[in-house]
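**Student:** For reference, this is start30.pdb, and it has PDB, C-alpha atoms and all ligand atoms.
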ATOM      1  CA  MET T   1     -92.064  25.149  45.552  1.00  0.00           C
ATOM      2  CA  MET T   2     -91.599  24.542  41.839  1.00  0.00           C
ATOM      3  CA  SER T   3     -88.369  25.450  40.122  1.00  0.00           C
ATOM      4  CA  SER T   4     -88.038  29.065  39.075  1.00  0.00           C
ATOM      5  CA  ARG T   5     -89.956  30.292  36.047  1.00  0.00           C
ATOM      6  CA  ARG T   6     -88.437  29.022  32.804  1.00  0.00           C
ATOM      7  CA  THR T   7     -86.800  31.612  30.639  1.00  0.00           C
ATOM      8  CA  GLU T   8     -88.720  32.755  27.611  1.00  0.00           C
ATOM      9  CA  PHE T   9     -86.780  33.352  24.397  1.00  0.00           C
ATOM     10  CA  SER T  10     -87.649  34.071  20.796  1.00  0.00           C
ATOM     11  CA  ASP T  11     -86.508  32.679  17.458  1.00  0.00           C
ATOM     12  CA  ASP T  12     -87.334  32.998  13.755  1.00  0.00           C
ATOM     13  CA  ALA T  13     -88.856  29.958  12.067  1.00  0.00           C
ATOM     14  CA  VAL T  14     -90.482  28.415   9.016  1.00  0.00           C
ATOM     15  CA  VAL T  15     -93.558  26.276   9.791  1.00  0.00           C
ATOM     16  CA  LEU T  16     -93.176  22.819   8.206  1.00  0.00           C
ATOM     17  CA  ARG T  17     -96.517  21.337   9.313  1.00  0.00           C
ATOM     18  CA  ASN T  18     -98.873  21.147  12.275  1.00  0.00           C
ATOM     19  CA  TYR T  19    -101.206  18.617  13.834  1.00  0.00           C
ATOM     20  CA  LYS T  20    -104.060  18.575  16.372  1.00  0.00           C
ATOM     21  CA  SER T  21    -103.322  17.819  19.999  1.00  0.00           C
ATOM     22  CA  GLY T  22    -105.853  17.360  22.819  1.00  0.00           C
ATOM     23  CA  GLU T  23    -109.160  19.273  22.779  1.00  0.00           C
ATOM     24  CA  ALA T  24    -108.121  22.665  21.456  1.00  0.00           C
ATOM     25  CA  ASP T  25    -104.369  22.631  21.013  1.00  0.00           C
ATOM     26  CA  ARG T  26    -102.073  22.291  18.060  1.00  0.00           C
ATOM     27  CA  VAL T  27     -98.460  21.191  17.756  1.00  0.00           C
ATOM     28  CA  ALA T  28     -96.410  22.849  15.023  1.00  0.00           C
ATOM     29  CA  VAL T  29     -93.159  21.487  13.606  1.00  0.00           C
ATOM     30  CA  LEU T  30     -90.790  24.386  12.907  1.00  0.00           C
ATOM     31  CA  TRP T  31     -87.356  24.841  11.412  1.00  0.00           C
ATOM     32  CA  THR T  32     -85.888  27.644  13.521  1.00  0.00           C
ATOM     33  CA  ARG T  33     -82.876  29.844  12.930  1.00  0.00           C
ATOM     34  CA  GLU T  34     -81.148  29.131  16.255  1.00  0.00           C
ATOM     35  CA  HIS T  35     -82.610  25.835  17.495  1.00  0.00           C
ATOM     36  CA  GLY T  36     -82.902  23.708  14.344  1.00  0.00           C
ATOM     37  CA  LYS T  37     -86.024  21.597  13.976  1.00  0.00           C
ATOM     38  CA  ILE T  38     -88.354  21.695  16.968  1.00  0.00           C
ATOM     39  CA  ARG T  39     -91.924  20.840  17.961  1.00  0.00           C
ATOM     40  CA  VAL T  40     -93.970  23.574  19.563  1.00  0.00           C
ATOM     41  CA  LEU T  41     -97.231  23.277  21.519  1.00  0.00           C
ATOM     42  CA  ALA T  42     -99.660  26.150  20.905  1.00  0.00           C
ATOM     43  CA  LYS T  43    -102.261  25.851  23.670  1.00  0.00           C
ATOM     44  CA  GLY T  44    -105.818  26.766  22.667  1.00  0.00           C
ATOM     45  CA  SER T  45    -104.755  27.518  19.091  1.00  0.00           C
ATOM     46  CA  ARG T  46    -107.759  25.671  17.582  1.00  0.00           C
ATOM     47  CA  LYS T  47    -110.242  27.944  19.413  1.00  0.00           C
ATOM     48  CA  PRO T  48    -111.765  30.531  17.042  1.00  0.00           C
ATOM     49  CA  SER T  49    -110.656  33.319  19.387  1.00  0.00           C
ATOM     50  CA  SER T  50    -106.977  32.257  19.259  1.00  0.00           C
ATOM     51  CA  LYS T  51    -104.491  34.526  17.543  1.00  0.00           C
ATOM     52  CA  LEU T  52    -101.963  31.681  17.238  1.00  0.00           C
ATOM     53  CA  GLY T  53    -103.821  29.494  14.702  1.00  0.00           C
ATOM     54  CA  GLY T  54    -103.177  31.186  11.349  1.00  0.00           C
ATOM     55  CA  ALA T  55     -99.577  32.025  12.141  1.00  0.00           C
ATOM     56  CA  LEU T  56     -98.835  28.294  12.443  1.00  0.00           C
ATOM     57  CA  ASP T  57    -100.071  27.329   8.967  1.00  0.00           C
ATOM     58  CA  PRO T  58     -97.450  25.423   6.948  1.00  0.00           C
ATOM     59  CA  LEU T  59     -95.041  27.667   4.976  1.00  0.00           C
ATOM     60  CA  SER T  60     -95.492  30.611   7.377  1.00  0.00           C
ATOM     61  CA  VAL T  61     -92.334  32.528   8.197  1.00  0.00           C
ATOM     62  CA  VAL T  62     -92.687  33.645  11.789  1.00  0.00           C
ATOM     63  CA  ARG T  63     -91.126  35.106  14.901  1.00  0.00           C
ATOM     64  CA  VAL T  64     -92.044  32.818  17.791  1.00  0.00           C
ATOM     65  CA  ASN T  65     -91.738  33.205  21.576  1.00  0.00           C
ATOM     66  CA  LEU T  66     -90.765  29.911  23.220  1.00  0.00           C
ATOM     67  CA  VAL T  67     -90.489  28.275  26.619  1.00  0.00           C
ATOM     68  CA  GLN T  68     -88.928  24.825  27.049  1.00  0.00           C
ATOM     69  CA  GLY T  69     -91.756  22.390  27.919  1.00  0.00           C
ATOM     70  CA  LYS T  70     -91.748  18.659  28.663  1.00  0.00           C
ATOM     71  CA  GLY T  71     -89.059  16.579  26.970  1.00  0.00           C
ATOM     72  CA  ASP T  72     -88.238  17.952  23.530  1.00  0.00           C
ATOM     73  CA  LEU T  73     -91.480  19.932  23.264  1.00  0.00           C
ATOM     74  CA  TYR T  74     -91.518  23.736  23.432  1.00  0.00           C
ATOM     75  CA  VAL T  75     -94.532  25.870  24.327  1.00  0.00           C
ATOM     76  CA  THR T  76     -95.473  29.131  22.629  1.00  0.00           C
ATOM     77  CA  ARG T  77     -97.919  31.872  23.535  1.00  0.00           C
ATOM     78  CA  ASN T  78     -96.941  34.390  20.908  1.00  0.00           C
ATOM     79  CA  VAL T  79     -96.344  33.967  17.155  1.00  0.00           C
ATOM     80  CA  SER T  80     -96.181  36.735  14.564  1.00  0.00           C
ATOM     81  CA  HIS T  81     -95.665  36.670  10.791  1.00  0.00           C
ATOM     82  CA  LEU T  82     -92.278  37.933   9.550  1.00  0.00           C
ATOM     83  CA  LEU T  83     -93.292  37.748   5.861  1.00  0.00           C
ATOM     84  CA  THR T  84     -96.798  38.057   4.426  1.00  0.00           C
ATOM     85  CA  LEU T  85     -96.095  35.841   1.353  1.00  0.00           C
ATOM     86  CA  THR T  86     -99.115  37.199  -0.543  1.00  0.00           C
ATOM     87  CA  THR T  87     -97.989  35.953  -3.981  1.00  0.00           C
ATOM     88  CA  LEU T  88     -97.147  32.488  -2.662  1.00  0.00           C
ATOM     89  CA  ARG T  89    -100.504  32.135  -0.854  1.00  0.00           C
ATOM     90  CA  ALA T  90    -102.480  33.120  -3.977  1.00  0.00           C
ATOM     91  CA  SER T  91    -101.107  30.330  -6.209  1.00  0.00           C
ATOM     92  CA  TYR T  92    -101.771  26.598  -5.955  1.00  0.00           C
ATOM     93  CA  HIS T  93     -98.619  25.935  -8.003  1.00  0.00           C
ATOM     94  CA  ARG T  94     -96.455  27.992  -5.616  1.00  0.00           C
ATOM     95  CA  ILE T  95     -98.037  26.434  -2.502  1.00  0.00           C
ATOM     96  CA  SER T  96     -97.485  22.910  -3.926  1.00  0.00           C
ATOM     97  CA  ALA T  97     -93.825  23.718  -4.557  1.00  0.00           C
ATOM     98  CA  GLY T  98     -93.527  25.025  -0.978  1.00  0.00           C
ATOM     99  CA  TYR T  99     -95.080  21.826   0.421  1.00  0.00           C
ATOM    100  CA  ALA T 100     -92.606  19.715  -1.565  1.00  0.00           C
ATOM    101  CA  VAL T 101     -89.705  21.666  -0.006  1.00  0.00           C
ATOM    102  CA  VAL T 102     -90.975  21.493   3.594  1.00  0.00           C
ATOM    103  CA  GLU T 103     -91.681  17.770   3.219  1.00  0.00           C
ATOM    104  CA  GLY T 104     -88.021  17.250   2.284  1.00  0.00           C
ATOM    105  CA  ILE T 105     -86.857  19.367   5.242  1.00  0.00           C
ATOM    106  CA  ASP T 106     -89.272  17.590   7.578  1.00  0.00           C
ATOM    107  CA  ALA T 107     -87.713  14.248   6.607  1.00  0.00           C
ATOM    108  CA  ILE T 108     -84.432  15.339   8.248  1.00  0.00           C
ATOM    109  CA  PRO T 109     -84.308  13.607  11.668  1.00  0.00           C
ATOM    110  CA  LEU T 110     -85.598  15.629  14.643  1.00  0.00           C
ATOM    111  CA  ASP T 111     -82.437  16.197  16.635  1.00  0.00           C
ATOM    112  CA  ASP T 112     -82.709  19.782  17.871  1.00  0.00           C
ATOM    113  CA  VAL T 113     -79.440  20.650  16.136  1.00  0.00           C
ATOM    114  CA  ALA T 114     -79.279  24.290  15.126  1.00  0.00           C
ATOM    115  CA  ASP T 115     -78.390  24.728  11.508  1.00  0.00           C
ATOM    116  CA  GLU T 116     -78.575  28.300  10.401  1.00  0.00           C
ATOM    117  CA  GLY T 117     -77.450  27.382   6.877  1.00  0.00           C
ATOM    118  CA  ILE T 118     -80.574  25.280   6.343  1.00  0.00           C
ATOM    119  CA  PHE T 119     -82.733  28.062   7.792  1.00  0.00           C
ATOM    120  CA  ASP T 120     -81.176  30.546   5.351  1.00  0.00           C
ATOM    121  CA  LEU T 121     -81.801  28.162   2.420  1.00  0.00           C
ATOM    122  CA  LEU T 122     -85.445  27.814   3.502  1.00  0.00           C
ATOM    123  CA  ILE T 123     -85.921  31.573   3.788  1.00  0.00           C
ATOM    124  CA  ARG T 124     -84.514  31.999   0.255  1.00  0.00           C
ATOM    125  CA  VAL T 125     -86.944  29.316  -0.982  1.00  0.00           C
ATOM    126  CA  MET T 126     -89.920  31.146   0.562  1.00  0.00           C
ATOM    127  CA  ALA T 127     -88.765  34.473  -0.905  1.00  0.00           C
ATOM    128  CA  SER T 128     -88.334  32.850  -4.366  1.00  0.00           C
ATOM    129  CA  LEU T 129     -91.791  31.268  -4.218  1.00  0.00           C
ATOM    130  CA  ASP T 130     -93.266  34.643  -3.260  1.00  0.00           C
ATOM    131  CA  ASP T 131     -91.543  36.526  -6.098  1.00  0.00           C
ATOM    132  CA  PRO T 132     -93.909  37.027  -9.085  1.00  0.00           C
ATOM    133  CA  LYS T 133     -90.882  37.275 -11.432  1.00  0.00           C
ATOM    134  CA  PHE T 134     -89.888  33.677 -10.592  1.00  0.00           C
ATOM    135  CA  ASP T 135     -91.532  30.523 -11.907  1.00  0.00           C
ATOM    136  CA  PRO T 136     -91.974  28.088  -8.961  1.00  0.00           C
ATOM    137  CA  THR T 137     -91.628  24.837 -10.966  1.00  0.00           C
ATOM    138  CA  LEU T 138     -87.916  24.279 -10.361  1.00  0.00           C
ATOM    139  CA  VAL T 139     -87.714  25.707  -6.824  1.00  0.00           C
ATOM    140  CA  PRO T 140     -88.036  22.334  -4.998  1.00  0.00           C
ATOM    141  CA  ALA T 141     -85.560  20.611  -7.351  1.00  0.00           C
ATOM    142  CA  ALA T 142     -83.057  23.468  -6.979  1.00  0.00           C
ATOM    143  CA  PHE T 143     -83.519  23.455  -3.226  1.00  0.00           C
ATOM    144  CA  PHE T 144     -82.926  19.676  -3.029  1.00  0.00           C
ATOM    145  CA  MET T 145     -79.704  19.934  -5.065  1.00  0.00           C
ATOM    146  CA  LYS T 146     -78.448  22.873  -2.979  1.00  0.00           C
ATOM    147  CA  PHE T 147     -79.370  21.060   0.224  1.00  0.00           C
ATOM    148  CA  LEU T 148     -77.320  18.011  -0.875  1.00  0.00           C
ATOM    149  CA  ALA T 149     -74.333  20.262  -1.544  1.00  0.00           C
ATOM    150  CA  TYR T 150     -74.795  21.986   1.819  1.00  0.00           C
ATOM    151  CA  ASP T 151     -75.083  18.627   3.604  1.00  0.00           C
ATOM    152  CA  GLY T 152     -71.722  17.432   2.294  1.00  0.00           C
ATOM    153  CA  SER T 153     -72.952  15.552  -0.793  1.00  0.00           C
ATOM    154  CA  GLU T 154     -72.226  18.105  -3.510  1.00  0.00           C
ATOM    155  CA  PRO T 155     -72.754  16.284  -6.820  1.00  0.00           C
ATOM    156  CA  LEU T 156     -69.809  15.993  -9.194  1.00  0.00           C
ATOM    157  CA  LEU T 157     -70.745  17.797 -12.444  1.00  0.00           C
ATOM    158  CA  GLU T 158     -67.388  18.441 -14.167  1.00  0.00           C
ATOM    159  CA  GLU T 159     -66.295  14.843 -14.565  1.00  0.00           C
ATOM    160  CA  CYS T 160     -67.810  11.344 -14.560  1.00  0.00           C
ATOM    161  CA  ALA T 161     -68.407  10.202 -10.960  1.00  0.00           C
ATOM    162  CA  GLY T 162     -67.560   6.661 -12.074  1.00  0.00           C
ATOM    163  CA  CYS T 163     -64.355   6.913 -14.114  1.00  0.00           C
ATOM    164  CA  GLY T 164     -63.366  10.588 -14.093  1.00  0.00           C
ATOM    165  CA  SER T 165     -63.804  11.111 -17.849  1.00  0.00           C
ATOM    166  CA  SER T 166     -64.714  14.601 -19.051  1.00  0.00           C
ATOM    167  CA  GLY T 167     -68.009  13.573 -20.671  1.00  0.00           C
ATOM    168  CA  PRO T 168     -70.352  13.678 -22.436  1.00  0.00           C
ATOM    169  CA  PHE T 169     -72.677  12.619 -19.610  1.00  0.00           C
ATOM    170  CA  PHE T 170     -75.789  10.479 -19.950  1.00  0.00           C
ATOM    171  CA  ALA T 171     -76.978   9.834 -16.395  1.00  0.00           C
ATOM    172  CA  PHE T 172     -77.082  11.257 -12.889  1.00  0.00           C
ATOM    173  CA  ASP T 173     -76.877   9.166  -9.735  1.00  0.00           C
ATOM    174  CA  ALA T 174     -76.768  10.720  -6.267  1.00  0.00           C
ATOM    175  CA  GLY T 175     -75.603   7.437  -4.703  1.00  0.00           C
ATOM    176  CA  VAL T 176     -72.494   7.460  -6.876  1.00  0.00           C
ATOM    177  CA  GLY T 177     -72.211  11.220  -6.393  1.00  0.00           C
ATOM    178  CA  GLY T 178     -72.876  12.956  -9.696  1.00  0.00           C
ATOM    179  CA  VAL T 179     -73.018  12.732 -13.490  1.00  0.00           C
ATOM    180  CA  LEU T 180     -71.989   9.594 -15.394  1.00  0.00           C
ATOM    181  CA  CYS T 181     -70.600   8.849 -18.870  1.00  0.00           C
ATOM    182  CA  SER T 182     -72.021   6.296 -21.346  1.00  0.00           C
ATOM    183  CA  THR T 183     -69.867   3.494 -19.911  1.00  0.00           C
ATOM    184  CA  CYS T 184     -70.659   4.177 -16.235  1.00  0.00           C
ATOM    185  CA  ARG T 185     -74.301   5.245 -16.686  1.00  0.00           C
ATOM    186  CA  ARG T 186     -76.821   4.292 -13.966  1.00  0.00           C
ATOM    187  CA  GLY T 187     -79.537   6.056 -11.979  1.00  0.00           C
ATOM    188  CA  SER T 188     -81.629   8.779 -13.682  1.00  0.00           C
ATOM    189  CA  PRO T 189     -81.247   9.559 -17.403  1.00  0.00           C
ATOM    190  CA  LEU T 190     -79.634  12.936 -18.120  1.00  0.00           C
ATOM    191  CA  SER T 191     -80.248  14.869 -21.354  1.00  0.00           C
ATOM    192  CA  PRO T 192     -77.866  17.630 -22.523  1.00  0.00           C
ATOM    193  CA  GLU T 193     -80.581  20.233 -21.664  1.00  0.00           C
ATOM    194  CA  THR T 194     -80.933  18.927 -18.101  1.00  0.00           C
ATOM    195  CA  TYR T 195     -77.167  18.792 -17.646  1.00  0.00           C
ATOM    196  CA  LYS T 196     -76.928  22.435 -18.720  1.00  0.00           C
ATOM    197  CA  LEU T 197     -79.717  23.363 -16.322  1.00  0.00           C
ATOM    198  CA  LEU T 198     -78.026  21.534 -13.445  1.00  0.00           C
ATOM    199  CA  VAL T 199     -74.727  23.309 -14.119  1.00  0.00           C
ATOM    200  CA  ARG T 200     -76.494  26.711 -14.212  1.00  0.00           C
ATOM    201  CA  ILE T 201     -78.355  26.100 -10.927  1.00  0.00           C
ATOM    202  CA  MET T 202     -75.329  24.792  -9.025  1.00  0.00           C
ATOM    203  CA  GLY T 203     -73.067  27.413 -10.617  1.00  0.00           C
ATOM    204  CA  GLY T 204     -74.953  30.414  -9.225  1.00  0.00           C
ATOM    205  CA  ASP T 205     -77.520  31.199 -11.950  1.00  0.00           C
ATOM    206  CA  LEU T 206     -80.626  29.960 -10.108  1.00  0.00           C
ATOM    207  CA  ALA T 207     -82.294  33.390 -10.342  1.00  0.00           C
ATOM    208  CA  GLY T 208     -81.738  33.410 -14.126  1.00  0.00           C
ATOM    209  CA  VAL T 209     -83.254  29.928 -14.443  1.00  0.00           C
ATOM    210  CA  LEU T 210     -86.301  30.836 -12.320  1.00  0.00           C
ATOM    211  CA  ARG T 211     -86.986  33.929 -14.453  1.00  0.00           C
ATOM    212  CA  GLU T 212     -87.452  31.712 -17.528  1.00  0.00           C
ATOM    213  CA  ARG T 213     -90.642  29.725 -18.180  1.00  0.00           C
ATOM    214  CA  ASN T 214     -90.732  26.108 -19.362  1.00  0.00           C
ATOM    215  CA  VAL T 215     -86.950  25.760 -19.460  1.00  0.00           C
ATOM    216  CA  PRO T 216     -85.896  22.698 -21.551  1.00  0.00           C
ATOM    217  CA  GLY T 217     -84.902  19.774 -19.324  1.00  0.00           C
ATOM    218  CA  SER T 218     -87.092  20.919 -16.398  1.00  0.00           C
ATOM    219  CA  ALA T 219     -89.206  17.744 -16.038  1.00  0.00           C
ATOM    220  CA  GLU T 220     -86.124  15.535 -16.062  1.00  0.00           C
ATOM    221  CA  LEU T 221     -84.365  17.749 -13.509  1.00  0.00           C
ATOM    222  CA  VAL T 222     -87.391  17.608 -11.176  1.00  0.00           C
ATOM    223  CA  HIS T 223     -87.304  13.805 -11.375  1.00  0.00           C
ATOM    224  CA  LEU T 224     -83.586  13.409 -10.743  1.00  0.00           C
ATOM    225  CA  ALA T 225     -83.481  15.970  -7.921  1.00  0.00           C
ATOM    226  CA  HIS T 226     -86.310  14.199  -6.091  1.00  0.00           C
ATOM    227  CA  ALA T 227     -84.571  10.854  -6.576  1.00  0.00           C
ATOM    228  CA  ALA T 228     -81.318  12.343  -5.255  1.00  0.00           C
ATOM    229  CA  MET T 229     -83.031  13.832  -2.178  1.00  0.00           C
ATOM    230  CA  GLU T 230     -84.814  10.528  -1.451  1.00  0.00           C
ATOM    231  CA  ASN T 231     -81.546   8.649  -1.801  1.00  0.00           C
ATOM    232  CA  HIS T 232     -79.825  11.079   0.590  1.00  0.00           C
ATOM    233  CA  LEU T 233     -82.584  10.902   3.228  1.00  0.00           C
ATOM    234  CA  GLY T 234     -83.314   7.187   2.753  1.00  0.00           C
ATOM    235  CA  LYS T 235     -87.034   8.054   2.575  1.00  0.00           C
ATOM    236  CA  ARG T 236     -89.764   8.413  -0.052  1.00  0.00           C
ATOM    237  CA  LEU T 237     -91.122  11.930  -0.558  1.00  0.00           C
ATOM    238  CA  LYS T 238     -94.851  11.842  -1.301  1.00  0.00           C
ATOM    239  CA  VAL T 239     -95.680  15.503  -1.972  1.00  0.00           C
ATOM    240  CA  ALA T 240     -92.692  16.020  -4.230  1.00  0.00           C
ATOM    241  CA  ARG T 241     -93.861  13.146  -6.433  1.00  0.00           C
ATOM    242  CA  MET T 242     -97.426  14.463  -6.640  1.00  0.00           C
ATOM    243  CA  THR T 243     -96.403  18.012  -7.507  1.00  0.00           C
ATOM    244  CA  PRO T 244     -97.034  18.751 -11.186  1.00  0.00           C
ATOM    245  CA  SER T 245     -93.574  19.111 -12.672  1.00  0.00           C
ATOM    246  CA  ILE T 246     -94.525  21.431 -15.491  1.00  0.00           C
ATOM    247  CA  GLN T 247     -97.470  23.807 -15.387  1.00  0.00           C
ATOM    248  CA  PRO T 248     -98.033  26.752 -17.714  1.00  0.00           C
ATOM    249  CA  SER T 249     -97.626  29.963 -15.739  1.00  0.00           C
ATOM    250  CA  SER T 250    -100.999  31.213 -17.041  1.00  0.00           C
ATOM    251  CA  HIS T 251    -102.690  28.518 -14.934  1.00  0.00           C
ATOM    252  CA  GLU T 252    -101.307  29.823 -11.647  1.00  0.00           C
TER     253      GLU T 252
HETATM  254 ZN    ZN K 301     -67.487   7.092 -16.587  1.00  0.00          ZN
END
Take the structure in the file and write it out as structure tokens.
Ligand SMILES: [Zn+2]
**Tutor:**
Amino acid sequence: MMSSRRTEFSDDAVVLRNYKSGEADRVAVLWTREHGKIRVLAKGSRKPSSKLGGALDPLSVVRVNLVQGKGDLYVTRNVSHLLTLTTLRASYHRISAGYAVVEGIDAIPLDDVADEGIFDLLIRVMASLDDPKFDPTLVPAAFFMKFLAYDGSEPLLEECAGCGSSGPFFAFDAGVGGVLCSTCRRGSPLSPETYKLLVRIMGGDLAGVLRERNVPGSAELVHLAHAAMENHLGKRLKVARMTPSIQPSSHE
């Protein structure tokens, strides 16, 4: 006699990516609210008749029923969308920004550690990307900076991370831990516009920034945020580098 039937439970999740497995199956990598980052086997999900397939597309926000499978793999038979994300799905620019974010999240080691704070950040990213009032250009950069702060590496913005002087600042380096004066400068160049933008985003005005289009300093901020995230993870981020940093909103 086999052991008793494994308990089924449900969780909310953002789909980071998926890949083919076997003849007709798919494995999805999810960031869940209660179980952190997990891999989930969706049996038969590549069959045309399957209702699981579309719900496991990257960037989907879903409610998923789970059973513990072999090793660290879970099995699901039921996935439903929590958000429709119509605006996000209709825009290449918004989708690209979403892919850059999930690539960064996916680079966090798979350790099954629940981290509701990261899940909440991800949900806010998806909601921002789906909001027609918000420009998506700076969403990945803002997410990376907020993730660093959340993960215990909040960048120093009020004083030079090298010598403690009160500015002006000419560079940003995540390895050193923040902005740097002319004497200590290293890492990414930092213009006054980008510094102002960084202070606004980290100081609670992200919504205000996202409502503006083509904010001065945007391209530089995208570059330094990606560099900071890569430095923190010790990994290169491919999608983030390919994402067009500035794109007129009329081209969405
Ligand atoms: Zn200094």
**Student:** Please identify all polymer residues within 8 Å of T:Phe143, counting only C-alpha atoms, omitting same-chain residues fewer than 2 positions from it, and present them as a CSV table (one decimal) with C-alpha atoms, in the frame of the given file.
**Tutor:**
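Here's the written file selection38.csv:
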chain,number,residue,atom,x,y,z
T,101,VAL,CA,-89.7,21.7,0.0
T,121,LEU,CA,-81.8,28.2,2.4
T,125,VAL,CA,-86.9,29.3,-1.0
T,139,VAL,CA,-87.7,25.7,-6.8
T,140,PRO,CA,-88.0,22.3,-5.0
T,141,ALA,CA,-85.6,20.6,-7.4
T,145,MET,CA,-79.7,19.9,-5.1
T,146,LYS,CA,-78.4,22.9,-3.0
T,147,PHE,CA,-79.4,21.1,0.2
**Student:** List all protein, DNA and RNA residues that have an atom no more than 7 Å from any atom of ligand ZN 301 (chain K), counting all atoms listed in the file, and report them as a list in words.
**Tutor:**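 Selection of residues at most 7 Å from ligand ZN 301 (chain K): Cys160, Ala161, Gly162, Cys163, Gly164, Ser165, Leu180, Cys181, Ser182, Thr183 and Cys184 of chain T.
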**Student:** With all atoms listed in the file as the atoms that count, which of T:Ala24, T:Tyr92, T:Glu116, T:Phe9 lies nearest to T:Arg63?
**Tutor:**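 Ranking T:Ala24, T:Tyr92, T:Glu116, T:Phe9 by distance to T:Arg63, first place goes to T:Phe9.
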**Student:** So that I can see what lies close to T:Ala127, please list as a list in words the residues with an atom at most 10 Å from it, counting all atoms listed in the file and leaving out residues fewer than 6 positions away in the same chain.
**Tutor:** Val61, Leu83, Leu85, Thr87, Leu88, Leu121 and Phe134 of chain T
**Student:** Using only C-alpha atoms, which protein or nucleic acid residues come within 8 Å of T:Arg186? Drop anything in the same chain fewer than 2 positions from it, and give the result as a list in words.
**Tutor:**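 Once the adjacent positions are removed, what remains is Ala171, Phe172, Asp173, Leu180, Cys184, Ser188 and Pro189 of chain T.
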**Student:** Suppose we keep C-alpha atoms; can you now write the selection as a PDB file, keeping the file's coordinate frame?
**Tutor:**
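Just written: out32.pdb:
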ATOM      1  CA  ALA T 171     -76.978   9.834 -16.395  1.00  0.00           C
ATOM      2  CA  PHE T 172     -77.082  11.257 -12.889  1.00  0.00           C
ATOM      3  CA  ASP T 173     -76.877   9.166  -9.735  1.00  0.00           C
ATOM      4  CA  LEU T 180     -71.989   9.594 -15.394  1.00  0.00           C
ATOM      5  CA  CYS T 184     -70.659   4.177 -16.235  1.00  0.00           C
ATOM      6  CA  SER T 188     -81.629   8.779 -13.682  1.00  0.00           C
ATOM      7  CA  PRO T 189     -81.247   9.559 -17.403  1.00  0.00           C
TER       8      PRO T 189
END
**Student:** Could you list the residues chosen by the PyMOL selection byres (((chain T and resi 123) around 12) and not hetatm) in this structure as a ChimeraX atom specification?
**Tutor:** /T:12-15,31-33,59-62,82-83,85,98,101-102,116-122,124-130,143
**Student:** Tell me which residues the PyMOL selection byres (((chain T and resi 216-228) around 8) and not hetatm) grabs here, as a count of residues only.
**Tutor:** 30
**Student:** Name the closest residue to T:Leu52 among the candidates T:Asp135, T:Thr76, T:Ile38, T:Val29; distances are taken between atoms, counting all atoms listed in the file.
**Tutor:**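 Going through T:Asp135, T:Thr76, T:Ile38, T:Val29 one by one, the smallest distance to T:Leu52 is for T:Thr76.
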**Student:** The PyMOL selection byres (((chain T and resi 73) around 8) and not hetatm) - which residues does that actually catch in the file I just gave you? List them as an mmCIF file with C-alpha atoms, keeping the file's coordinate frame.
**Tutor:**
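Produced file selection02.cif, reproduced below:
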data_model
loop_
_atom_site.group_PDB
_atom_site.id
_atom_site.type_symbol
_atom_site.label_atom_id
_atom_site.label_comp_id
_atom_site.auth_asym_id
_atom_site.auth_seq_id
_atom_site.Cartn_x
_atom_site.Cartn_y
_atom_site.Cartn_z
ATOM 1 C CA ILE T 38 -88.354 21.695 16.968
ATOM 2 C CA ARG T 39 -91.924 20.840 17.961
ATOM 3 C CA VAL T 40 -93.970 23.574 19.563
ATOM 4 C CA LEU T 41 -97.231 23.277 21.519
ATOM 5 C CA GLN T 68 -88.928 24.825 27.049
ATOM 6 C CA GLY T 69 -91.756 22.390 27.919
ATOM 7 C CA LYS T 70 -91.748 18.659 28.663
ATOM 8 C CA GLY T 71 -89.059 16.579 26.970
ATOM 9 C CA ASP T 72 -88.238 17.952 23.530
ATOM 10 C CA TYR T 74 -91.518 23.736 23.432
ATOM 11 C CA VAL T 75 -94.532 25.870 24.327
#
**Student:** Tell me, as a list in words, which residues lie within 12 Å of T:Gly22, counting all atoms listed in the file; anything in the same chain fewer than 6 positions away does not count.
**Tutor:**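 Once the nearby chain positions are removed, what remains is Leu41, Ala42, Lys43, Gly44, Ser45, Arg46 and Lys47 of chain T.
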**Student:** Please measure the separation of atom CA of T:Asp106 and atom CA of T:Ser10, giving the value in Å to one decimal.
**Tutor:**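 These two atoms are separated by 21.2 Å.
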**Student:** Please report the interatomic distance between atom CA of T:Leu16 and atom CA of T:Ser96 in Å with one decimal.
**Tutor:** 12.9 Å
**Student:** For each of T:Ala100, T:Leu156, T:Leu66, T:Ile95, take the minimum atom-to-atom distance to T:Met202, counting only C-alpha atoms, then give the residue where this is smallest.
**Tutor:**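 The answer is T:Leu156, which sits nearest to T:Met202.
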**Student:** Calculate how many Å separate atom CA of T:Tyr19 from atom CA of T:Pro136, rounding to one decimal.
**Tutor:**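 Answer for the atom CA of T:Tyr19 to atom CA of T:Pro136 separation: 26.4 Å.
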**Student:** Would you mind telling me which residue in T:Leu210, T:Val179, T:Ile108, T:Ala97 lies nearest to T:Pro132 when using only C-alpha atoms?
**Tutor:**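 Smallest separation from T:Pro132 among the options: T:Leu210.
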**Student:** Hey, which of T:Val64, T:Leu206, T:Ile201, T:Leu148 ends up closest to T:Gly178? Count all atoms listed in the file.
**Tutor:**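 Among the listed residues, the smallest separation from T:Gly178 belongs to T:Leu148.
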**Student:** Using only C-alpha atoms, find the one residue out of T:Ala55, T:Pro155, T:Gly36, T:Asn78 that sits nearest to T:Glu8.
**Tutor:**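 Among the listed residues, the smallest separation from T:Glu8 belongs to T:Asn78.
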